[in-house]
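**Student:** Hey, dropping input-v7.csv in here, CSV, C-alpha atoms:
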chain,number,residue,atom,x,y,z
A,1,MET,CA,0.0,0.0,0.0
A,2,ILE,CA,2.8,2.4,0.9
A,3,THR,CA,4.5,1.8,-2.4
A,4,ASP,CA,1.2,2.5,-4.3
A,5,LEU,CA,0.8,5.7,-2.2
A,6,LEU,CA,4.4,6.9,-2.8
A,7,LEU,CA,3.8,6.2,-6.5
A,8,MET,CA,0.6,8.2,-6.4
A,9,PHE,CA,2.3,11.1,-4.8
A,10,GLY,CA,5.3,10.9,-7.0
A,11,ILE,CA,3.4,10.7,-10.3
A,12,SER,CA,1.1,13.5,-9.2
A,13,LEU,CA,4.0,15.8,-8.3
A,14,GLY,CA,6.0,14.8,-11.4
A,15,ILE,CA,3.1,15.6,-13.8
A,16,THR,CA,2.3,18.8,-12.0
A,17,LEU,CA,6.0,19.9,-12.2
A,18,VAL,CA,6.2,19.2,-15.9
A,19,ILE,CA,3.0,21.0,-16.7
A,20,GLU,CA,3.6,24.0,-14.4
A,21,ILE,CA,7.2,24.5,-15.5
A,22,LEU,CA,6.1,24.4,-19.2
A,23,LEU,CA,3.4,26.9,-18.5
A,24,ALA,CA,5.8,29.1,-16.4
A,25,LEU,CA,8.0,29.2,-19.5
A,26,ILE,CA,5.1,30.4,-21.5
A,27,PHE,CA,4.4,33.1,-18.9
A,28,GLY,CA,8.0,34.3,-19.4
A,29,VAL,CA,9.8,32.7,-16.5
A,30,ARG,CA,12.9,31.6,-18.4
A,31,ASN,CA,15.8,31.7,-16.0
A,32,ARG,CA,16.9,29.0,-13.5
A,33,LYS,CA,16.0,30.9,-10.3
A,34,GLY,CA,12.5,31.7,-11.5
A,35,LEU,CA,11.9,28.0,-12.5
A,36,LEU,CA,13.4,26.9,-9.1
A,37,ILE,CA,10.7,29.0,-7.4
A,38,VAL,CA,8.0,27.3,-9.5
A,39,LEU,CA,9.5,23.9,-8.6
A,40,LEU,CA,9.7,24.7,-4.9
A,41,VAL,CA,6.2,26.2,-4.8
A,42,ASN,CA,4.8,23.0,-6.3
A,43,THR,CA,6.7,20.7,-4.0
A,44,LEU,CA,5.3,22.8,-1.2
A,45,THR,CA,1.6,22.7,-2.3
A,46,ASN,CA,1.2,19.5,-4.4
A,47,PRO,CA,2.0,16.8,-1.8
A,48,ALA,CA,-0.1,18.6,0.8
A,49,ALA,CA,-3.0,18.9,-1.6
A,50,VAL,CA,-2.8,15.3,-2.6
A,51,LEU,CA,-2.6,14.3,1.1
A,52,ILE,CA,-5.8,16.2,2.0
A,53,CYS,CA,-7.7,14.7,-1.0
A,54,TRP,CA,-6.5,11.2,-0.1
A,55,LEU,CA,-7.5,11.6,3.5
A,56,ALA,CA,-10.9,13.0,2.4
A,57,ASP,CA,-11.4,10.0,0.1
A,58,LEU,CA,-10.4,7.7,2.9
A,59,TYR,CA,-12.6,9.1,5.6
A,60,PHE,CA,-15.5,11.0,4.1
A,61,PHE,CA,-18.6,9.9,2.3
A,62,TYR,CA,-18.5,9.9,-1.5
A,63,GLY,CA,-19.8,13.0,-3.1
A,64,PHE,CA,-18.0,15.0,-0.5
A,65,GLU,CA,-14.5,14.3,-1.9
A,66,PHE,CA,-15.1,16.4,-5.0
A,67,LEU,CA,-16.0,19.4,-2.8
A,68,VAL,CA,-12.8,18.9,-0.8
A,69,GLU,CA,-10.8,18.7,-4.1
A,70,ILE,CA,-12.3,22.0,-5.3
A,71,ALA,CA,-11.6,23.7,-1.9
A,72,VAL,CA,-8.1,22.3,-1.9
A,73,GLU,CA,-7.4,23.5,-5.5
A,74,ILE,CA,-8.7,27.0,-4.6
A,75,ALA,CA,-6.4,27.0,-1.5
A,76,VAL,CA,-3.5,25.9,-3.6
A,77,VAL,CA,-4.1,28.7,-6.1
A,78,VAL,CA,-4.2,31.3,-3.3
A,79,VAL,CA,-1.1,30.0,-1.6
A,80,GLU,CA,0.9,29.8,-4.9
A,81,ALA,CA,-0.3,33.3,-5.9
A,82,LYS,CA,0.8,34.7,-2.6
A,83,ILE,CA,4.2,33.1,-2.8
A,84,TYR,CA,4.7,34.2,-6.4
A,85,MET,CA,3.8,37.7,-5.4
A,86,MET,CA,6.6,37.7,-2.9
A,87,PHE,CA,9.0,37.4,-5.8
A,88,VAL,CA,7.4,39.9,-8.2
A,89,ARG,CA,9.4,42.9,-7.0
A,90,ASN,CA,12.7,41.1,-7.7
A,91,GLU,CA,13.1,41.1,-11.5
A,92,GLU,CA,15.7,38.4,-11.2
A,93,PHE,CA,13.0,35.8,-10.9
A,94,GLU,CA,11.0,37.0,-14.0
A,95,ILE,CA,7.7,36.3,-12.3
A,96,ARG,CA,5.4,39.0,-13.7
A,97,TYR,CA,1.9,37.6,-13.5
A,98,PRO,CA,1.7,35.8,-10.2
A,99,VAL,CA,-2.1,35.5,-9.9
A,100,ARG,CA,-2.7,34.6,-13.5
A,101,MET,CA,0.1,32.1,-13.5
A,102,ALA,CA,-1.1,30.4,-10.3
A,103,VAL,CA,-4.7,30.2,-11.7
A,104,VAL,CA,-3.8,28.9,-15.2
A,105,CYS,CA,-1.0,26.5,-14.1
A,106,ASN,CA,-3.3,24.9,-11.5
A,107,LEU,CA,-6.3,24.7,-13.7
A,108,VAL,CA,-4.4,23.1,-16.5
A,109,SER,CA,-2.6,20.6,-14.2
A,110,TRP,CA,-5.8,19.7,-12.4
A,111,LEU,CA,-7.7,19.1,-15.6
A,112,THR,CA,-4.7,17.2,-17.1
A,113,GLY,CA,-4.7,15.1,-14.0
A,114,ILE,CA,-8.3,14.2,-14.5
A,115,VAL,CA,-7.7,13.3,-18.2
A,116,LEU,CA,-4.6,11.2,-17.4
A,117,GLY,CA,-6.3,9.5,-14.5
A,118,GLN,CA,-9.2,8.4,-16.7
A,119,VAL,CA,-6.9,7.3,-19.5
A,120,TYR,CA,-4.7,5.3,-17.0
A,121,PHE,CA,-7.7,3.7,-15.4
A,122,HIS,CA,-9.2,2.6,-18.7
A,123,LEU,CA,-5.9,1.4,-20.0
A,124,MET,CA,-5.3,-0.7,-16.9
A,125,ARG,CA,-8.8,-2.0,-17.0
A,126,TYR,CA,-8.8,-3.1,-20.6
A,127,TYR,CA,-5.3,-4.1,-21.4
A,128,PHE,CA,-4.0,-5.7,-18.1
B,129,MET,CA,0.4,34.8,-24.9
B,130,LYS,CA,-3.3,35.0,-23.9
B,131,LYS,CA,-4.2,33.1,-27.0
B,132,ILE,CA,-1.7,30.3,-26.2
B,133,ILE,CA,-3.0,30.0,-22.6
B,134,ALA,CA,-6.6,30.0,-23.8
B,135,LEU,CA,-5.7,27.3,-26.3
B,136,ILE,CA,-4.0,25.1,-23.7
B,137,ILE,CA,-7.0,25.4,-21.3
B,138,GLY,CA,-9.4,24.8,-24.1
B,139,CYS,CA,-7.6,21.7,-25.2
B,140,VAL,CA,-7.4,20.2,-21.7
B,141,CYS,CA,-11.1,21.0,-21.1
B,142,LEU,CA,-12.0,19.3,-24.3
B,143,GLY,CA,-9.8,16.4,-23.4
B,144,THR,CA,-11.6,16.0,-20.1
B,145,ILE,CA,-14.9,15.8,-21.9
B,146,PHE,CA,-13.8,13.5,-24.6
B,147,VAL,CA,-12.0,11.1,-22.3
B,148,ASN,CA,-15.2,10.7,-20.2
B,149,ILE,CA,-17.4,10.3,-23.2
B,150,GLY,CA,-15.1,8.3,-25.4
B,151,TYR,CA,-14.5,5.5,-22.8
B,152,GLY,CA,-18.2,5.2,-22.1
B,153,ASP,CA,-18.9,1.4,-22.0
B,154,VAL,CA,-21.8,-0.9,-21.8
B,155,ILE,CA,-20.2,-2.6,-18.8
B,156,PHE,CA,-20.9,-0.6,-15.6
B,157,GLU,CA,-17.7,0.8,-14.0
B,158,PRO,CA,-18.2,2.2,-10.5
B,159,ASP,CA,-17.0,5.7,-9.7
B,160,ASP,CA,-15.3,4.3,-6.6
B,161,SER,CA,-11.7,5.0,-5.7
B,162,PHE,CA,-11.1,1.6,-4.2
B,163,TYR,CA,-12.5,-0.1,-7.4
B,164,GLN,CA,-10.4,2.3,-9.6
B,165,ASN,CA,-7.2,1.4,-7.7
B,166,HIS,CA,-8.0,-2.4,-7.6
B,167,SER,CA,-9.9,-2.8,-10.9
B,168,ARG,CA,-7.5,-5.5,-12.0
B,169,ASP,CA,-8.4,-7.6,-9.0
B,170,CYS,CA,-12.1,-7.0,-9.2
B,171,TYR,CA,-14.3,-9.4,-11.1
B,172,LEU,CA,-17.6,-8.7,-12.8
B,173,CYS,CA,-20.6,-10.1,-10.9
B,174,GLU,CA,-23.8,-8.3,-12.0
B,175,ARG,CA,-26.1,-10.4,-9.8
B,176,ASN,CA,-28.9,-9.6,-7.3
B,177,TYR,CA,-28.6,-10.7,-3.7
B,178,THR,CA,-30.6,-10.4,-0.5
B,179,ALA,CA,-29.0,-9.2,2.7
B,180,ASP,CA,-28.5,-11.8,5.3
B,181,GLY,CA,-26.1,-10.6,7.9
B,182,PRO,CA,-25.7,-11.2,11.7
B,183,ASP,CA,-28.0,-9.1,14.0
B,184,GLY,CA,-30.4,-8.7,11.1
B,185,GLU,CA,-28.4,-6.3,9.1
B,186,VAL,CA,-25.6,-6.0,6.5
B,187,ILE,CA,-23.2,-3.1,6.8
B,188,ILE,CA,-22.0,-1.3,3.6
B,189,TYR,CA,-18.5,0.0,4.0
B,190,LYS,CA,-16.6,2.6,2.1
B,191,SER,CA,-14.1,0.0,1.0
B,192,PRO,CA,-12.7,-3.4,2.0
B,193,GLU,CA,-9.9,-1.4,3.7
B,194,SER,CA,-11.9,1.3,5.4
B,195,ASP,CA,-14.2,0.9,8.3
B,196,LYS,CA,-16.2,3.9,7.3
B,197,VAL,CA,-19.8,2.8,7.4
B,198,ILE,CA,-21.9,4.0,4.4
B,199,GLU,CA,-25.2,2.4,5.3
B,200,ARG,CA,-26.8,-0.4,7.3
B,201,VAL,CA,-29.2,-2.6,5.3
B,202,ASN,CA,-31.8,-4.8,6.9
B,203,ASN,CA,-31.8,-8.4,6.1
B,204,GLY,CA,-34.1,-9.3,3.2
B,205,GLU,CA,-33.3,-6.2,1.3
B,206,LYS,CA,-32.3,-6.6,-2.3
B,207,LEU,CA,-28.7,-5.6,-3.3
B,208,TYR,CA,-27.2,-5.5,-6.7
B,209,ILE,CA,-23.6,-6.5,-6.7
B,210,ALA,CA,-21.6,-5.3,-9.7
B,211,TYR,CA,-18.1,-6.5,-8.8
B,212,THR,CA,-16.4,-8.7,-6.3
B,213,TYR,CA,-13.0,-8.4,-4.8
B,214,THR,CA,-11.1,-10.8,-2.5
B,215,ASP,CA,-8.8,-9.2,0.1
B,216,LYS,CA,-5.5,-10.5,1.4
B,217,ASN,CA,-7.3,-12.5,4.2
B,218,GLY,CA,-9.4,-14.3,1.6
B,219,VAL,CA,-12.6,-12.4,2.5
B,220,GLU,CA,-14.7,-11.9,-0.6
B,221,TRP,CA,-16.3,-8.4,-0.9
B,222,GLY,CA,-19.0,-7.3,-3.2
B,223,TYR,CA,-19.5,-3.8,-4.6
B,224,LYS,CA,-23.1,-2.8,-4.0
B,225,ALA,CA,-24.0,-0.6,-7.0
B,226,PHE,CA,-26.9,1.7,-7.8
B,227,GLY,CA,-29.5,3.0,-5.3
B,228,GLU,CA,-29.0,5.7,-2.8
B,229,TYR,CA,-25.8,4.3,-1.5
B,230,GLU,CA,-22.9,2.4,-3.0
B,231,GLY,CA,-20.2,0.6,-1.2
B,232,TRP,CA,-18.6,-2.7,-0.2
B,233,VAL,CA,-20.2,-5.6,1.6
B,234,PRO,CA,-18.9,-9.0,2.7
B,235,MET,CA,-20.3,-11.6,0.2
B,236,GLU,CA,-20.7,-14.0,3.1
B,237,TYR,CA,-23.7,-11.9,4.3
B,238,LEU,CA,-25.6,-12.2,1.1
B,239,ASN,CA,-27.8,-14.8,-0.5
B,240,VAL,CA,-27.9,-14.8,-4.3
B,241,ILE,CA,-31.4,-14.4,-5.9
B,242,TYR,CA,-32.0,-17.3,-8.3
B,243,ASP,CA,-31.0,-16.1,-11.7
B,244,ASN,CA,-29.7,-17.4,-15.1
B,245,VAL,CA,-26.3,-18.2,-13.5
B,246,SER,CA,-28.0,-20.3,-10.8
B,247,PHE,CA,-30.2,-22.0,-13.4
B,248,CYS,CA,-27.2,-22.8,-15.7
B,249,GLU,CA,-25.4,-24.2,-12.6
B,250,GLU,CA,-28.3,-26.3,-11.5
B,251,TYR,CA,-29.2,-27.7,-15.0
B,252,SER,CA,-25.6,-27.8,-16.3
B,253,ASP,CA,-26.1,-31.5,-17.2
B,254,LYS,CA,-29.2,-30.7,-19.3
B,255,ILE,CA,-28.0,-27.6,-21.0
B,256,ILE,CA,-26.3,-28.4,-24.3
B,257,SER,CA,-23.8,-26.0,-25.9
B,258,LYS,CA,-25.1,-25.6,-29.4
B,259,SER,CA,-24.6,-22.7,-31.8
B,260,ASP,CA,-27.4,-22.2,-34.3
B,261,VAL,CA,-30.0,-19.8,-35.6
B,262,PHE,CA,-33.7,-19.7,-34.6
B,263,THR,CA,-36.1,-18.1,-37.0
B,264,PRO,CA,-39.7,-17.9,-35.7
B,265,GLU,CA,-42.0,-19.0,-38.5
B,266,GLY,CA,-45.4,-18.3,-37.0
B,267,GLU,CA,-47.6,-15.3,-37.5
B,268,GLU,CA,-46.9,-13.8,-34.1
B,269,GLU,CA,-44.7,-10.7,-34.1
B,270,ILE,CA,-43.7,-10.9,-30.5
B,271,VAL,CA,-40.9,-13.0,-28.9
B,272,PHE,CA,-40.5,-13.3,-25.1
B,273,PHE,CA,-37.1,-13.3,-23.7
B,274,TRP,CA,-36.9,-14.9,-20.3
B,275,SER,CA,-34.2,-14.5,-17.6
B,276,PHE,CA,-34.2,-18.3,-17.5
B,277,PRO,CA,-36.7,-21.1,-18.3
B,278,GLY,CA,-39.4,-20.9,-15.7
B,279,SER,CA,-38.6,-17.4,-14.6
B,280,SER,CA,-41.4,-15.0,-14.3
B,281,ASN,CA,-39.1,-12.3,-15.5
B,282,GLY,CA,-39.8,-11.9,-19.2
B,283,TYR,CA,-39.4,-9.2,-21.7
B,284,GLU,CA,-41.4,-8.7,-24.9
B,285,PHE,CA,-39.5,-8.2,-28.1
B,286,GLU,CA,-41.3,-7.0,-31.2
B,287,MET,CA,-39.9,-8.5,-34.4
B,288,ASP,CA,-39.5,-6.6,-37.5
B,289,GLY,CA,-40.4,-9.3,-40.0
B,290,ASN,CA,-38.6,-12.6,-39.9
B,291,GLU,CA,-35.7,-12.2,-37.6
B,292,ASP,CA,-32.8,-14.6,-36.9
B,293,PHE,CA,-31.9,-15.3,-33.3
B,294,TYR,CA,-28.4,-16.6,-32.8
B,295,TYR,CA,-28.1,-18.9,-29.8
B,296,ASN,CA,-25.4,-20.9,-28.1
B,297,LYS,CA,-27.2,-23.0,-25.5
B,298,GLU,CA,-30.2,-25.3,-25.7
B,299,TYR,CA,-32.3,-26.8,-22.9
B,300,VAL,CA,-35.3,-29.1,-23.0
B,301,ASP,CA,-37.6,-28.8,-20.1
B,302,GLU,CA,-39.8,-31.4,-18.3
B,303,GLN,CA,-42.7,-30.6,-20.7
B,304,ASP,CA,-40.4,-31.4,-23.7
B,305,ARG,CA,-40.3,-27.7,-24.7
B,306,THR,CA,-37.1,-26.5,-26.2
B,307,TRP,CA,-35.4,-23.4,-24.9
B,308,ILE,CA,-32.5,-21.5,-26.5
B,309,TYR,CA,-30.2,-19.0,-24.9
B,310,VAL,CA,-29.6,-15.9,-27.0
B,311,GLY,CA,-26.6,-14.0,-25.8
B,312,TYR,CA,-27.3,-10.8,-27.6
B,313,HIS,CA,-30.1,-9.7,-30.0
B,314,MET,CA,-30.8,-6.0,-30.5
B,315,GLY,CA,-29.8,-5.2,-26.9
B,316,MET,CA,-31.7,-8.1,-25.5
B,317,ASP,CA,-30.5,-11.4,-24.1
B,318,GLY,CA,-32.2,-14.4,-22.4
B,319,TRP,CA,-34.0,-17.6,-23.0
B,320,ILE,CA,-36.6,-18.1,-25.7
B,321,CYS,CA,-39.0,-21.0,-25.7
B,322,THR,CA,-38.9,-21.9,-29.3
B,323,SER,CA,-42.2,-23.9,-29.4
B,324,ASP,CA,-44.1,-21.1,-27.6
B,325,TYR,CA,-42.0,-18.1,-28.3
B,326,SER,CA,-44.8,-15.6,-28.0
B,327,SER,CA,-46.5,-17.1,-25.0
B,328,ASP,CA,-46.4,-15.2,-21.7
B,329,ILE,CA,-45.8,-16.8,-18.3
B,330,ASP,CA,-49.4,-17.7,-17.7
B,331,GLU,CA,-49.7,-19.4,-21.1
B,332,LEU,CA,-46.4,-21.3,-20.6
B,333,TYR,CA,-47.3,-22.4,-17.0
B,334,PRO,CA,-51.1,-22.4,-16.7
B,335,GLU,CA,-50.7,-24.1,-13.3
B,336,GLY,CA,-48.3,-21.5,-12.0
B,337,ALA,CA,-44.6,-20.9,-12.6
B,338,PRO,CA,-42.1,-23.0,-10.8
B,339,GLU,CA,-40.6,-21.4,-7.7
B,340,PHE,CA,-36.9,-20.9,-7.3
B,341,GLU,CA,-35.3,-20.1,-4.0
B,342,THR,CA,-32.5,-17.8,-3.1
B,343,GLU,CA,-29.3,-19.7,-2.1
B,344,ASP,CA,-26.6,-19.1,0.5
B,345,VAL,CA,-23.4,-17.9,-1.1
B,346,THR,CA,-21.3,-19.5,1.6
B,347,ASN,CA,-22.0,-20.6,5.1
B,348,VAL,CA,-18.5,-20.5,6.6
B,349,ASN,CA,-19.6,-18.8,9.8
B,350,GLY,CA,-22.7,-21.0,10.2
B,351,LYS,CA,-25.1,-18.2,9.5
B,352,ASP,CA,-28.0,-20.6,9.3
B,353,ASP,CA,-27.6,-21.3,12.9
B,354,LEU,CA,-29.2,-17.9,13.5
B,355,ASN,CA,-32.5,-19.4,12.3
B,356,ARG,CA,-32.2,-22.4,14.6
B,357,VAL,CA,-34.6,-22.1,17.6
B,358,ASP,CA,-32.8,-23.4,20.6
B,359,ASP,CA,-31.6,-22.3,24.0
B,360,ASP,CA,-28.2,-21.1,22.7
B,361,ALA,CA,-29.7,-18.8,20.0
B,362,GLU,CA,-28.9,-15.5,21.9
B,363,GLU,CA,-25.5,-16.6,22.8
B,364,GLU,CA,-24.8,-17.5,19.2
B,365,LYS,CA,-26.0,-14.2,18.0
B,366,ASP,CA,-23.6,-12.5,20.4
B,367,SER,CA,-20.8,-14.6,19.1
B,368,GLU,CA,-21.8,-13.7,15.5
B,369,LYS,CA,-21.7,-10.0,16.5
B,370,ASP,CA,-18.2,-10.4,17.8
B,371,ASP,CA,-17.1,-12.3,14.6
B,372,ARG,CA,-18.7,-9.9,12.1
B,373,ILE,CA,-16.6,-9.5,9.1
B,374,THR,CA,-15.2,-6.0,9.0
B,375,PRO,CA,-12.7,-4.3,6.6
B,376,ASP,CA,-9.1,-5.0,7.5
B,377,THR,CA,-7.7,-1.6,8.6
B,378,SER,CA,-4.7,-2.9,10.5
B,379,ASN,CA,-2.2,-1.1,8.4
B,380,GLN,CA,-4.3,2.0,7.6
B,381,THR,CA,-3.4,4.1,10.7
B,382,LYS,CA,0.3,3.3,10.4
B,383,THR,CA,0.2,4.2,6.7
B,384,VAL,CA,-1.7,7.4,7.3
B,385,ILE,CA,0.9,8.6,9.9
B,386,PHE,CA,3.8,7.6,7.7
B,387,VAL,CA,2.4,9.5,4.7
B,388,ILE,CA,1.6,12.6,6.8
B,389,VAL,CA,5.2,12.7,8.2
B,390,ILE,CA,6.7,12.4,4.7
B,391,VAL,CA,4.5,15.1,3.4
B,392,ILE,CA,5.3,17.4,6.3
B,393,LEU,CA,9.0,16.8,5.7
B,394,VAL,CA,8.7,17.7,2.0
B,395,VAL,CA,6.7,20.8,2.8
B,396,LEU,CA,9.2,21.9,5.4
B,397,ILE,CA,12.1,21.4,3.1
B,398,SER,CA,10.3,23.4,0.4
B,399,VAL,CA,9.5,26.3,2.7
B,400,ILE,CA,13.1,26.4,4.0
B,401,MET,CA,14.5,26.5,0.5
B,402,LEU,CA,12.0,29.1,-0.6
B,403,VAL,CA,13.0,31.3,2.3
B,404,LYS,CA,16.7,30.8,1.5
B,405,VAL,CA,16.2,31.7,-2.2
B,406,LYS,CA,14.1,34.8,-1.2
B,407,LYS,CA,16.8,36.0,1.2
B,408,GLN,CA,19.5,35.5,-1.4
B,409,GLY,CA,17.4,37.5,-3.9
B,410,ASP,CA,16.7,40.3,-1.4
B,411,LYS,CA,20.5,40.6,-0.6
B,412,LYS,CA,21.2,41.2,-4.3
As a first step, turn the structure in this file into structure tokens.
**Tutor:**
Amino acid sequence: MITDLLLMFGISLGITLVIEILLALIFGVRNRKGLLIVLLVNTLTNPAAVLICWLADLYFFYGFEFLVEIAVEIAVVVVEAKIYMMFVRNEEFEIRYPVRMAVVCNLVSWLTGIVLGQVYFHLMRYYF
Amino acid sequence: MKKIIALIIGCVCLGTIFVNIGYGDVIFEPDDSFYQNHSRDCYLCERNYTADGPDGEVIIYKSPESDKVIERVNNGEKLYIAYTYTDKNGVEWGYKAFGEYEGWVPMEYLNVIYDNVSFCEEYSDKIISKSDVFTPEGEEEIVFFWSFPGSSNGYEFEMDGNEDFYYNKEYVDEQDRTWIYVGYHMGMDGWICTSDYSSDIDELYPEGAPEFETEDVTNVNGKDDLNRVDDDAEEEKDSEKDDRITPDTSNQTKTVIFVIVIVILVVLISVIMLVKVKKQGDKK
């Protein structure tokens, strides 16, 4: 079970990092320091978000998990936007649109997670 | 840049919709996290059962590994089990689908309602595997599909001219009537009585349809003892209460604590590094 969980956390963080770093590049964050901030922000928020959703799934009634997921996503966007805003003044990090970047990056990675989750589930179901 | 961002979001949104529509299947797939994580170990069941647990009830759990109670169902209530799963202790669990609540129940506390599977098991020696085509030649335009020969559960099928029914099983009943099993025909499946294909249950069985009883799935814990009227009945009930099958959550608490500790560590390291990077940036 622990292996499955670590895999779940790892895959989730890996996919999120790939998507958010790619989107950060589109948002104009091109240097190492700026991308390091994006990476650290995600290692800060993603495992915590996945943990809360997993605990909700484990202990709450079904139907409620989705609400928890939405609430967690909103909280993640707020936290990430706040952190990015701390680095806006310093041009060295090239973070110019903290709120927009937090919203878009999380929306895209969340929806991609849903798509990949469904694809993975159906592939496992039908081919293994 | 706005266009690129909008394009990315649009593509992902469309992907979300298409993935959910595109994989739509005739076979029911529960929207259940335990099932989704263990789908390879779950087996299609699709049978109806009646509840028959200790203390007059069956408990529906969130998963075979979570003691979260979803609902308590009184004995005698009908449950549709879509999939089964056997845990590491060898306990078989069934996924109760549809209705107000969905969840996992120990199969030991269920009695299967007599159905086609039961019929095929009971009459396996009289059912012949035979692939052929049946074409009704009478004037009637209706064919009855039955869950199994003798079942009161029949569905009318209106034919569009002379239709061919492909079958793979044949059974001759005590009245020498031939029944064929059609696995699929225009969304229908079931048994057709070839000699009286348009007759309803009253015409097929003027003296009343045969009765089929529900059967115990297993009786490992001696459930039937609950029905025995003797001096030890209450004591046995108490014993059953203590022995009730519950989800195995032995490792759950340890796992939860372990995962929480790991996540806290990762978060702390990230915060420390962010602060460090911020300070370095501020110095410059």
**Student:** Quick check, in Å to one decimal: how far apart do CA of Val99 in chain A and CA of Tyr84 in chain A lie?
**Tutor:**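 It comes out at 7.8 Å.
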**Student:** Could you list, as a PyMOL selection string, every residue of chain A that has an atom within 9 Å of an atom of chain B, counting only C-alpha atoms?
**Tutor:** chain A and resi 1-2+5-6+23+26-27+33+36-37+40-45+47-48+51+55+57-62+86-87+90+92-93+104+107-109+111-112+114-116+118-119+121-122+124-125+128
**Student:** Record the distance separating CA of Val271 in chain B and CA of Gly315 in chain B, expressed in Å with one decimal.
**Tutor:**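 CA of Gly315 in chain B lies at a distance of 13.7 Å from CA of Val271 in chain B.
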**Student:** Just checking: using only C-alpha atoms, which residue out of A:Leu39, A:Val77, A:Cys53, A:Met85 ends up closest to Tyr97 in chain A?
**Tutor:**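 Distance minimum relative to Tyr97 in chain A lands on A:Met85.
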**Student:** Rounded to one decimal place, report the CA of Glu267 in chain B-CA of Glu335 in chain B distance in Å.
**Tutor:**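 Going from CA of Glu267 in chain B over to CA of Glu335 in chain B, I get 25.9 Å.
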**Student:** Find the residues with any atom within 7 Å of (8.2, 35.9, -10.7); use all atoms listed in the file and the coordinates as given in the file, and write the answer as a list in words.
**Tutor:**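 Collected hits near the coordinates: Val29, Gly34, Tyr84, Phe87, Val88, Phe93, Glu94, Ile95, Arg96 and Pro98 of chain A.
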**Student:** Give me the residues within 9 Å of Val68 in chain A as a VMD selection string, counting only C-alpha atoms and dropping any in the same chain fewer than 4 places off.
**Tutor:** chain A and resid 52 to 53 56 64 72 to 73
**Student:** Please, can range 272-276 of chain B be completed to all heavy atoms and returned as a short mmCIF file (atom, residue, chain, number, x, y, z; two decimals), in the coordinates of the input?
**Tutor:**
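Saved file selection-v6.cif follows:
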data_model
loop_
_atom_site.label_atom_id
_atom_site.label_comp_id
_atom_site.auth_asym_id
_atom_site.auth_seq_id
_atom_site.Cartn_x
_atom_site.Cartn_y
_atom_site.Cartn_z
N PHE B 272 -40.84 -13.59 -26.56
CA PHE B 272 -40.50 -13.30 -25.10
C PHE B 272 -39.12 -13.81 -24.82
O PHE B 272 -38.76 -14.94 -25.13
CB PHE B 272 -41.54 -14.09 -24.24
CG PHE B 272 -42.76 -13.27 -23.92
CD1 PHE B 272 -43.91 -13.38 -24.69
CD2 PHE B 272 -42.75 -12.40 -22.84
CE1 PHE B 272 -45.03 -12.62 -24.39
CE2 PHE B 272 -43.87 -11.64 -22.54
CZ PHE B 272 -45.02 -11.74 -23.32
N PHE B 273 -38.37 -12.91 -24.23
CA PHE B 273 -37.10 -13.30 -23.70
C PHE B 273 -37.23 -13.50 -22.20
O PHE B 273 -37.76 -12.64 -21.51
CB PHE B 273 -36.07 -12.12 -23.89
CG PHE B 273 -35.43 -12.07 -25.25
CD1 PHE B 273 -36.08 -11.50 -26.31
CD2 PHE B 273 -34.17 -12.61 -25.45
CE1 PHE B 273 -35.50 -11.44 -27.56
CE2 PHE B 273 -33.57 -12.55 -26.70
CZ PHE B 273 -34.23 -11.97 -27.77
N TRP B 274 -36.77 -14.64 -21.70
CA TRP B 274 -36.90 -14.90 -20.30
C TRP B 274 -35.52 -14.97 -19.62
O TRP B 274 -34.55 -15.41 -20.24
CB TRP B 274 -37.58 -16.31 -20.08
CG TRP B 274 -38.95 -16.34 -20.70
CD1 TRP B 274 -39.28 -16.84 -21.91
CD2 TRP B 274 -40.15 -15.82 -20.14
NE1 TRP B 274 -40.63 -16.67 -22.17
CE2 TRP B 274 -41.20 -16.04 -21.08
CE3 TRP B 274 -40.48 -15.18 -18.94
CZ2 TRP B 274 -42.51 -15.65 -20.86
CZ3 TRP B 274 -41.79 -14.79 -18.71
CH2 TRP B 274 -42.78 -15.02 -19.66
N SER B 275 -35.46 -14.53 -18.36
CA SER B 275 -34.20 -14.50 -17.60
C SER B 275 -33.61 -15.97 -17.62
O SER B 275 -32.41 -16.18 -17.77
CB SER B 275 -34.34 -14.05 -16.21
OG SER B 275 -34.76 -12.73 -16.22
N PHE B 276 -34.52 -16.93 -17.40
CA PHE B 276 -34.20 -18.30 -17.50
C PHE B 276 -35.47 -19.11 -17.61
O PHE B 276 -36.54 -18.57 -17.28
CB PHE B 276 -33.36 -18.79 -16.23
CG PHE B 276 -34.02 -18.52 -14.91
CD1 PHE B 276 -34.88 -19.44 -14.33
CD2 PHE B 276 -33.79 -17.31 -14.25
CE1 PHE B 276 -35.49 -19.17 -13.12
CE2 PHE B 276 -34.40 -17.04 -13.03
CZ PHE B 276 -35.26 -17.97 -12.47
#
